[in-house]
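Let me begin by presenting the structure, written as structure tokens, before commenting on it.
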Amino acid sequence: MCRTLAAFPTTCLERAKEFKTRLGIFLHKSELGSDTGSVGKWSSKHSKEGNFSEDVLEWKESFDLLLSSKNGVAAFHAFLKTEFSEENLEFWLACEEFKQLRSATKLASRAHKIFEEFIRSEAPKEVNIDHETRELTRVNLQAVTATCFDVAQGKTRTLMEKDSYPRFLKSPAYRDLAAQAAAASASPAGGSPEEPLHT
């Protein structure tokens, strides 16, 4: 192994290997929106659920609408995996789940697990937050409350909204889903997509 690679921490090398594997899988698929692509399979599987077309078209209206939709979160997560930044959404979701806990014992236990998985330096799914936020969160764990991750969660949410979300909306995967949704909502029930909707 060359000296440059040897100087990297093990976690960086593991992430690089994971990146290479995922990239290979991603490149092996023909087109994200095609019948053989992962998002194509995902959309056909989930399009049977009610109001899928309306759901997809609402995602572009606001990041909040995307996050409030189970289908939206699943599609956004699939997109983030292609960018190797799914830890941001996973952390945000873990915080949302954490806030619902009512037992003080469970709250403390879960808080430490979230910190170890996402916040601490060199964490397996370390999120991109500044040192001050990381330190504030560490201090908050000394007296765990349902709000101890609020600052870190807010910064991660802002990062996703300003950075990943616009790219998601411009991605071929989302544009394909939106086109399918628009075609489905424009066609009468049981009719073919080519037939215009008469109102």
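Going through the structure tokens in order, the chains are called A, B, and so on, while each chain numbers its residues from 1 and the ligands are numbered from 1 in the order shown.
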Selection: 10 Å around Ala146 (chain A), only C-alpha atoms, excl. self and same-chain fewer than 3 positions, as an mmCIF file with N, CA and C atoms, in the first residue's frame:
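Ended up saving to selection_34.cif:
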```
data_model
loop_
_atom_site.group_PDB
_atom_site.id
_atom_site.type_symbol
_atom_site.label_atom_id
_atom_site.label_comp_id
_atom_site.auth_asym_id
_atom_site.auth_seq_id
_atom_site.Cartn_x
_atom_site.Cartn_y
_atom_site.Cartn_z
ATOM 1 N N CYS A 95 -33.494 11.474 14.841
ATOM 2 C CA CYS A 95 -33.863 12.551 15.780
ATOM 3 C C CYS A 95 -35.379 12.676 15.907
ATOM 4 N N GLU A 96 -36.085 12.559 14.790
ATOM 5 C CA GLU A 96 -37.552 12.639 14.821
ATOM 6 C C GLU A 96 -38.124 11.503 15.671
ATOM 7 N N PHE A 98 -36.472 9.870 17.999
ATOM 8 C CA PHE A 98 -35.975 10.106 19.354
ATOM 9 C C PHE A 98 -36.913 11.035 20.132
ATOM 10 N N LYS A 99 -37.420 12.069 19.468
ATOM 11 C CA LYS A 99 -38.293 13.049 20.128
ATOM 12 C C LYS A 99 -39.620 12.446 20.588
ATOM 13 N N GLN A 100 -39.978 11.294 20.011
ATOM 14 C CA GLN A 100 -41.244 10.655 20.375
ATOM 15 C C GLN A 100 -41.130 9.787 21.637
ATOM 16 N N LEU A 101 -39.900 9.492 22.060
ATOM 17 C CA LEU A 101 -39.700 8.644 23.241
ATOM 18 C C LEU A 101 -40.186 9.354 24.495
ATOM 19 N N ARG A 102 -40.807 8.598 25.376
ATOM 20 C CA ARG A 102 -41.322 9.189 26.614
ATOM 21 C C ARG A 102 -40.585 8.694 27.865
ATOM 22 N N ALA A 104 -37.543 8.173 30.228
ATOM 23 C CA ALA A 104 -36.257 8.840 30.459
ATOM 24 C C ALA A 104 -35.094 7.875 30.232
ATOM 25 N N LEU A 107 -34.760 7.372 26.526
ATOM 26 C CA LEU A 107 -34.277 8.630 25.957
ATOM 27 C C LEU A 107 -32.754 8.710 26.082
ATOM 28 N N ALA A 108 -32.255 8.442 27.283
ATOM 29 C CA ALA A 108 -30.807 8.513 27.532
ATOM 30 C C ALA A 108 -30.052 7.472 26.717
ATOM 31 N N ALA A 111 -30.163 8.410 23.004
ATOM 32 C CA ALA A 111 -29.353 9.612 22.750
ATOM 33 C C ALA A 111 -27.889 9.242 22.570
ATOM 34 N N PHE A 149 -30.707 17.151 20.517
ATOM 35 C CA PHE A 149 -30.127 17.108 19.174
ATOM 36 C C PHE A 149 -30.672 18.210 18.260
ATOM 37 N N ASP A 150 -31.504 19.094 18.796
ATOM 38 C CA ASP A 150 -32.197 20.076 17.948
ATOM 39 C C ASP A 150 -31.270 20.919 17.080
#
```
Exercise. Select from region 98-163 of chain A everything DSSP, run on the backbone, classes as helix (DSSP H, G or I), then give the selection as JSON, numbers by chain.
Key: {"A": [98, 99, 104, 105, 106, 107, 108, 109, 110, 111, 112, 113, 114, 115, 116, 117, 118, 119, 131, 132, 133, 134, 135, 136, 137, 138, 139, 140, 141, 142, 143, 150, 151, 152, 153, 154, 155, 156, 157, 158, 159, 160, 161, 162, 163]}
Can you write just those residues out, N, CA and C atoms, as a short mmCIF file (atom, residue, chain, number, x, y, z; two decimals), in the first residue's frame?
```cif
data_model
loop_
_atom_site.label_atom_id
_atom_site.label_comp_id
_atom_site.auth_asym_id
_atom_site.auth_seq_id
_atom_site.Cartn_x
_atom_site.Cartn_y
_atom_site.Cartn_z
N PHE A 98 -36.47 9.87 18.00
CA PHE A 98 -35.97 10.11 19.35
C PHE A 98 -36.91 11.03 20.13
N LYS A 99 -37.42 12.07 19.47
CA LYS A 99 -38.29 13.05 20.13
C LYS A 99 -39.62 12.45 20.59
N ALA A 104 -37.54 8.17 30.23
CA ALA A 104 -36.26 8.84 30.46
C ALA A 104 -35.09 7.87 30.23
N THR A 105 -35.27 6.62 30.62
CA THR A 105 -34.22 5.62 30.43
C THR A 105 -33.98 5.36 28.95
N LYS A 106 -35.06 5.19 28.18
CA LYS A 106 -34.93 4.96 26.74
C LYS A 106 -34.35 6.20 26.05
N LEU A 107 -34.76 7.37 26.53
CA LEU A 107 -34.28 8.63 25.96
C LEU A 107 -32.75 8.71 26.08
N ALA A 108 -32.25 8.44 27.28
CA ALA A 108 -30.81 8.51 27.53
C ALA A 108 -30.05 7.47 26.72
N SER A 109 -30.56 6.25 26.69
CA SER A 109 -29.90 5.17 25.96
C SER A 109 -29.86 5.47 24.46
N ARG A 110 -31.00 5.91 23.92
CA ARG A 110 -31.07 6.20 22.49
C ARG A 110 -30.21 7.41 22.13
N ALA A 111 -30.16 8.41 23.00
CA ALA A 111 -29.35 9.61 22.75
C ALA A 111 -27.89 9.24 22.57
N HIS A 112 -27.39 8.37 23.43
CA HIS A 112 -25.99 7.98 23.34
C HIS A 112 -25.72 7.15 22.07
N LYS A 113 -26.70 6.33 21.67
CA LYS A 113 -26.54 5.56 20.43
C LYS A 113 -26.49 6.50 19.21
N ILE A 114 -27.37 7.49 19.20
CA ILE A 114 -27.40 8.46 18.09
C ILE A 114 -26.08 9.23 18.04
N PHE A 115 -25.60 9.65 19.21
CA PHE A 115 -24.35 10.39 19.26
C PHE A 115 -23.19 9.55 18.71
N GLU A 116 -23.13 8.28 19.15
CA GLU A 116 -22.06 7.39 18.71
C GLU A 116 -22.14 7.08 17.22
N GLU A 117 -23.35 7.00 16.69
CA GLU A 117 -23.52 6.63 15.28
C GLU A 117 -23.33 7.81 14.32
N PHE A 118 -23.76 9.01 14.75
CA PHE A 118 -23.80 10.14 13.81
C PHE A 118 -22.96 11.37 14.19
N ILE A 119 -22.74 11.62 15.47
CA ILE A 119 -22.18 12.91 15.89
C ILE A 119 -20.70 12.87 16.23
N HIS A 131 -17.63 22.04 14.56
CA HIS A 131 -17.10 21.61 15.85
C HIS A 131 -17.95 22.13 17.02
N GLU A 132 -18.40 23.38 16.93
CA GLU A 132 -19.19 23.97 18.02
C GLU A 132 -20.50 23.20 18.23
N THR A 133 -21.15 22.83 17.14
CA THR A 133 -22.42 22.08 17.23
C THR A 133 -22.17 20.69 17.81
N ARG A 134 -21.08 20.08 17.37
CA ARG A 134 -20.72 18.75 17.89
C ARG A 134 -20.48 18.82 19.39
N GLU A 135 -19.75 19.85 19.83
CA GLU A 135 -19.44 20.01 21.25
C GLU A 135 -20.69 20.34 22.06
N LEU A 136 -21.55 21.20 21.52
CA LEU A 136 -22.81 21.53 22.20
C LEU A 136 -23.66 20.29 22.40
N THR A 137 -23.72 19.45 21.37
CA THR A 137 -24.51 18.21 21.45
C THR A 137 -23.91 17.27 22.50
N ARG A 138 -22.58 17.20 22.53
CA ARG A 138 -21.93 16.34 23.54
C ARG A 138 -22.27 16.82 24.95
N VAL A 139 -22.26 18.13 25.16
CA VAL A 139 -22.60 18.70 26.47
C VAL A 139 -24.07 18.43 26.80
N ASN A 140 -24.94 18.54 25.80
CA ASN A 140 -26.38 18.28 26.01
C ASN A 140 -26.64 16.86 26.52
N LEU A 141 -25.76 15.93 26.19
CA LEU A 141 -25.96 14.54 26.60
C LEU A 141 -25.73 14.33 28.09
N GLN A 142 -25.16 15.34 28.75
CA GLN A 142 -24.95 15.20 30.20
C GLN A 142 -26.27 15.27 30.96
N ALA A 143 -27.27 15.92 30.36
CA ALA A 143 -28.62 15.95 30.93
C ALA A 143 -29.58 15.79 29.75
N ASP A 150 -31.50 19.09 18.80
CA ASP A 150 -32.20 20.08 17.95
C ASP A 150 -31.27 20.92 17.08
N VAL A 151 -30.17 21.42 17.64
CA VAL A 151 -29.27 22.28 16.88
C VAL A 151 -28.62 21.48 15.75
N ALA A 152 -28.08 20.31 16.08
CA ALA A 152 -27.43 19.46 15.07
C ALA A 152 -28.43 19.01 14.01
N GLN A 153 -29.63 18.65 14.43
CA GLN A 153 -30.66 18.23 13.48
C GLN A 153 -31.05 19.39 12.55
N GLY A 154 -31.18 20.57 13.12
CA GLY A 154 -31.52 21.75 12.33
C GLY A 154 -30.46 22.06 11.28
N LYS A 155 -29.20 21.95 11.66
CA LYS A 155 -28.11 22.24 10.71
C LYS A 155 -28.07 21.19 9.60
N THR A 156 -28.31 19.94 9.96
CA THR A 156 -28.32 18.87 8.97
C THR A 156 -29.50 19.04 8.01
N ARG A 157 -30.65 19.43 8.55
CA ARG A 157 -31.84 19.66 7.73
C ARG A 157 -31.58 20.80 6.74
N THR A 158 -30.99 21.89 7.22
CA THR A 158 -30.69 23.04 6.36
C THR A 158 -29.74 22.63 5.24
N LEU A 159 -28.74 21.84 5.60
CA LEU A 159 -27.78 21.36 4.59
C LEU A 159 -28.49 20.55 3.51
N MET A 160 -29.39 19.65 3.91
CA MET A 160 -30.13 18.85 2.93
C MET A 160 -31.03 19.73 2.07
N GLU A 161 -31.72 20.67 2.72
CA GLU A 161 -32.67 21.53 2.00
C GLU A 161 -31.98 22.43 0.98
N LYS A 162 -30.83 22.97 1.36
CA LYS A 162 -30.13 23.92 0.48
C LYS A 162 -29.24 23.21 -0.56
N ASP A 163 -28.80 22.00 -0.25
CA ASP A 163 -27.81 21.33 -1.09
C ASP A 163 -28.40 20.12 -1.83
#
```
Self-check item: Between CA of Phe168 (chain A) and CA of Glu97 (chain A) - distance in Å to one decimal
Solution: 23.8 Å
Self-check item: Test item: residues at most 9 Å from Gly72 (chain A), only C-alpha atoms, excluding those fewer than 5 positions along its chain, as a list in words
Solution: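 Once the nearby chain positions are removed, what remains is Asp55, Val56, Trp59, Leu65, Leu66, Leu67 and His77 of chain A.
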Quiz item: Looking at A:Phe52, A:Phe84, A:Tyr174, A:Tyr165, which one is nearest to Ser69 (chain A), with distances taken over only C-alpha atoms?
Solution: A:Phe52
Practice problem: Work out how far CA of Lys125 (chain A) is from CA of Arg175 (chain A), in Å to one decimal. | Solution: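 According to the coordinates, CA of Arg175 (chain A) and CA of Lys125 (chain A) are separated by 28.6 Å.
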